[in-house]
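Participant: Just dropping this structure here.
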Amino acid sequence: MANRNEILNRITEFKNAGQDIIRREYIKKLYDYTGNDTIVYAASFPCRIPNVSGNLLSIGQNDIQGFMTCFNGLKGNNLDLIIHSPGGSLETTEQLVLYLRAKYNHIRAIIPQNAMSAATMLACACDEIIMGKQSAIGPIDPQMTLIKQDGIAHTLPAHSILADFQRAKEEMTQDKNSANVWIPKLMELPNGFLDLCQKTIELSKSKVAEWLNSYMFKNSNDNKGISIANWLGDFNEHKTHGRPINYQLAREKGLKITLLEDDQELQDRVLSVFHATLVTFDVTGCVKIIENHLGKGFYIVF
């Protein structure tokens, strides 16, 4: 395995677009080892470029076009999907899952570092998840964006919004004077927003349960996907949306996790791809890469 500094040194030997040459070389080497179609889906997070919108890094509609580009020319039935993402839109994730599963019979999600939130949901729609000892997935509790009176967009866990509403009801029942504190806060919520929070929580859990039972546990009759989805979406247990879940805990809860270190050659090739991708983010204005082993890709540059 070439480490990150060694890859950077190799890139500097090229005068133009060395990062693309080296990155594509490593992706092709991974494909040569596995024989599976290979796609890198990676965002630059945490992002080193100031003032980059989180929407550019997140799972969003532009990613559909990226996968359309990457699917062109791919002939296999099996896919290795390397994911490094902070998450994003639940709805786009569902669209991606439908698209990926319509093409591939078997998908391995390979997580060299982080696949959080909706990216965890995407991994749960695969037949297997490969993680290293350093890797993490995350809770799937949905985050809601609310434009408050100050005009600033605030992103909050749906569970926290519902919990605040429940607390407001309880405190105003016990002390009518507390309404002076709670009513202005509650008036910032649009009509139907609390119902939307509840339905989004339910949707995130139900989709993950459905995908787990359809793919990872397709040969099982015990519907274990439901209990795993409920655990991933349990905000009271995880406490924060970004809390990391390592391979050991994911295994204990029932997810089909393969340890990357169990196949040293696979580990070396995966991490070389990952390091080369991160170096690309470091030396260019690129903030997202969706690229296949044929060198075809979709890139978002800030």
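We label chains A, B, ... in the order they appear in the structure tokens, count residues from 1 in each chain, and number ligands from 1 in the order shown.
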List every residue of segment 261-297 of chain A that has an atom at most 9 Å from any atom of segment 56-76 of chain A, giving for each one its closest atom pair and the distance in Å to one decimal, counting only C-alpha atoms, sorted by chain and then by ascending residue number, as a tab-separated table.
Facilitator:
residue	atom	partner	partner_atom	distance
A:Val287	CA	A:Leu57	CA	6.6
A:Lys288	CA	A:Leu57	CA	6.3
A:Ile289	CA	A:Gly66	CA	8.5
A:Ile290	CA	A:Gly66	CA	5.9
A:Glu291	CA	A:Cys70	CA	6.0
A:Asn292	CA	A:Cys70	CA	5.5
A:His293	CA	A:Cys70	CA	8.8
A:Leu294	CA	A:Gly73	CA	8.0
A:Gly295	CA	A:Cys70	CA	8.6
A:Lys296	CA	A:Cys70	CA	5.8
A:Gly297	CA	A:Cys70	CA	5.6
Participant: Using N, CA and C atoms, can you export the residues from the last selection as a PDB file, in the first residue's frame?
Facilitator:
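Dumped everything to result_33.pdb:
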ATOM      1  N   VAL A 287     -14.404  18.852  -4.867  1.00  0.00           N
ATOM      2  CA  VAL A 287     -14.986  18.548  -3.561  1.00  0.00           C
ATOM      3  C   VAL A 287     -15.829  17.277  -3.578  1.00  0.00           C
ATOM      4  N   LYS A 288     -16.052  16.706  -4.749  1.00  0.00           N
ATOM      5  CA  LYS A 288     -16.758  15.423  -4.828  1.00  0.00           C
ATOM      6  C   LYS A 288     -16.311  14.685  -6.080  1.00  0.00           C
ATOM      7  N   ILE A 289     -16.147  13.364  -5.931  1.00  0.00           N
ATOM      8  CA  ILE A 289     -15.739  12.497  -7.033  1.00  0.00           C
ATOM      9  C   ILE A 289     -16.666  11.291  -7.085  1.00  0.00           C
ATOM     10  N   ILE A 290     -17.200  11.025  -8.276  1.00  0.00           N
ATOM     11  CA  ILE A 290     -17.898   9.773  -8.553  1.00  0.00           C
ATOM     12  C   ILE A 290     -17.207   9.213  -9.795  1.00  0.00           C
ATOM     13  N   GLU A 291     -16.479   8.113  -9.648  1.00  0.00           N
ATOM     14  CA  GLU A 291     -15.592   7.657 -10.725  1.00  0.00           C
ATOM     15  C   GLU A 291     -15.507   6.138 -10.746  1.00  0.00           C
ATOM     16  N   ASN A 292     -15.456   5.580 -11.960  1.00  0.00           N
ATOM     17  CA  ASN A 292     -15.374   4.127 -12.074  1.00  0.00           C
ATOM     18  C   ASN A 292     -13.984   3.668 -12.476  1.00  0.00           C
ATOM     19  N   HIS A 293     -13.806   2.348 -12.564  1.00  0.00           N
ATOM     20  CA  HIS A 293     -12.484   1.781 -12.838  1.00  0.00           C
ATOM     21  C   HIS A 293     -12.044   1.969 -14.296  1.00  0.00           C
ATOM     22  N   LEU A 294     -12.948   2.451 -15.135  1.00  0.00           N
ATOM     23  CA  LEU A 294     -12.597   2.759 -16.512  1.00  0.00           C
ATOM     24  C   LEU A 294     -12.073   4.190 -16.679  1.00  0.00           C
ATOM     25  N   GLY A 295     -12.058   4.947 -15.568  1.00  0.00           N
ATOM     26  CA  GLY A 295     -11.599   6.322 -15.610  1.00  0.00           C
ATOM     27  C   GLY A 295     -12.669   7.322 -15.983  1.00  0.00           C
ATOM     28  N   LYS A 296     -13.920   6.858 -16.092  1.00  0.00           N
ATOM     29  CA  LYS A 296     -15.041   7.768 -16.375  1.00  0.00           C
ATOM     30  C   LYS A 296     -15.616   8.279 -15.063  1.00  0.00           C
ATOM     31  N   GLY A 297     -15.914   9.565 -15.016  1.00  0.00           N
ATOM     32  CA  GLY A 297     -16.392  10.083 -13.753  1.00  0.00           C
ATOM     33  C   GLY A 297     -17.147  11.378 -13.852  1.00  0.00           C
TER      34      GLY A 297
END
Participant: What are the closest atom pairs, with distances in Å to one decimal, for all residues of segment 177-269 of chain A lying within 7 Å of segment 143-163 of chain A? Consider only C-alpha atoms, order rows by chain and residue number, and present the result as a Markdown table.
Facilitator:
| residue | atom | partner | partner_atom | distance |
| --- | --- | --- | --- | --- |
| A:Glu188 | CA | A:Lys148 | CA | 6.0 |
| A:Leu194 | CA | A:Leu162 | CA | 6.5 |
| A:Cys197 | CA | A:Ala158 | CA | 5.1 |
| A:Phe235 | CA | A:His159 | CA | 6.8 |
Participant: Provide the atom CA of Ser206 of chain A to atom CA of Met131 of chain A distance in Å, to one decimal place.
Facilitator: 24.0 Å
Participant: Please run DSSP on the backbone and report, as a count of residues only, all residues within segment 119-226 of chain A that come out as helix (DSSP H, G or I).
Facilitator: 61
Participant: Can you tell me, as a list in words, what residues are no more than 8 Å from Asn223 of chain A when counting only C-alpha atoms, ignoring any on the same chain fewer than 4 positions away?
Facilitator: Asn213, Phe217 and Ser227 of chain A
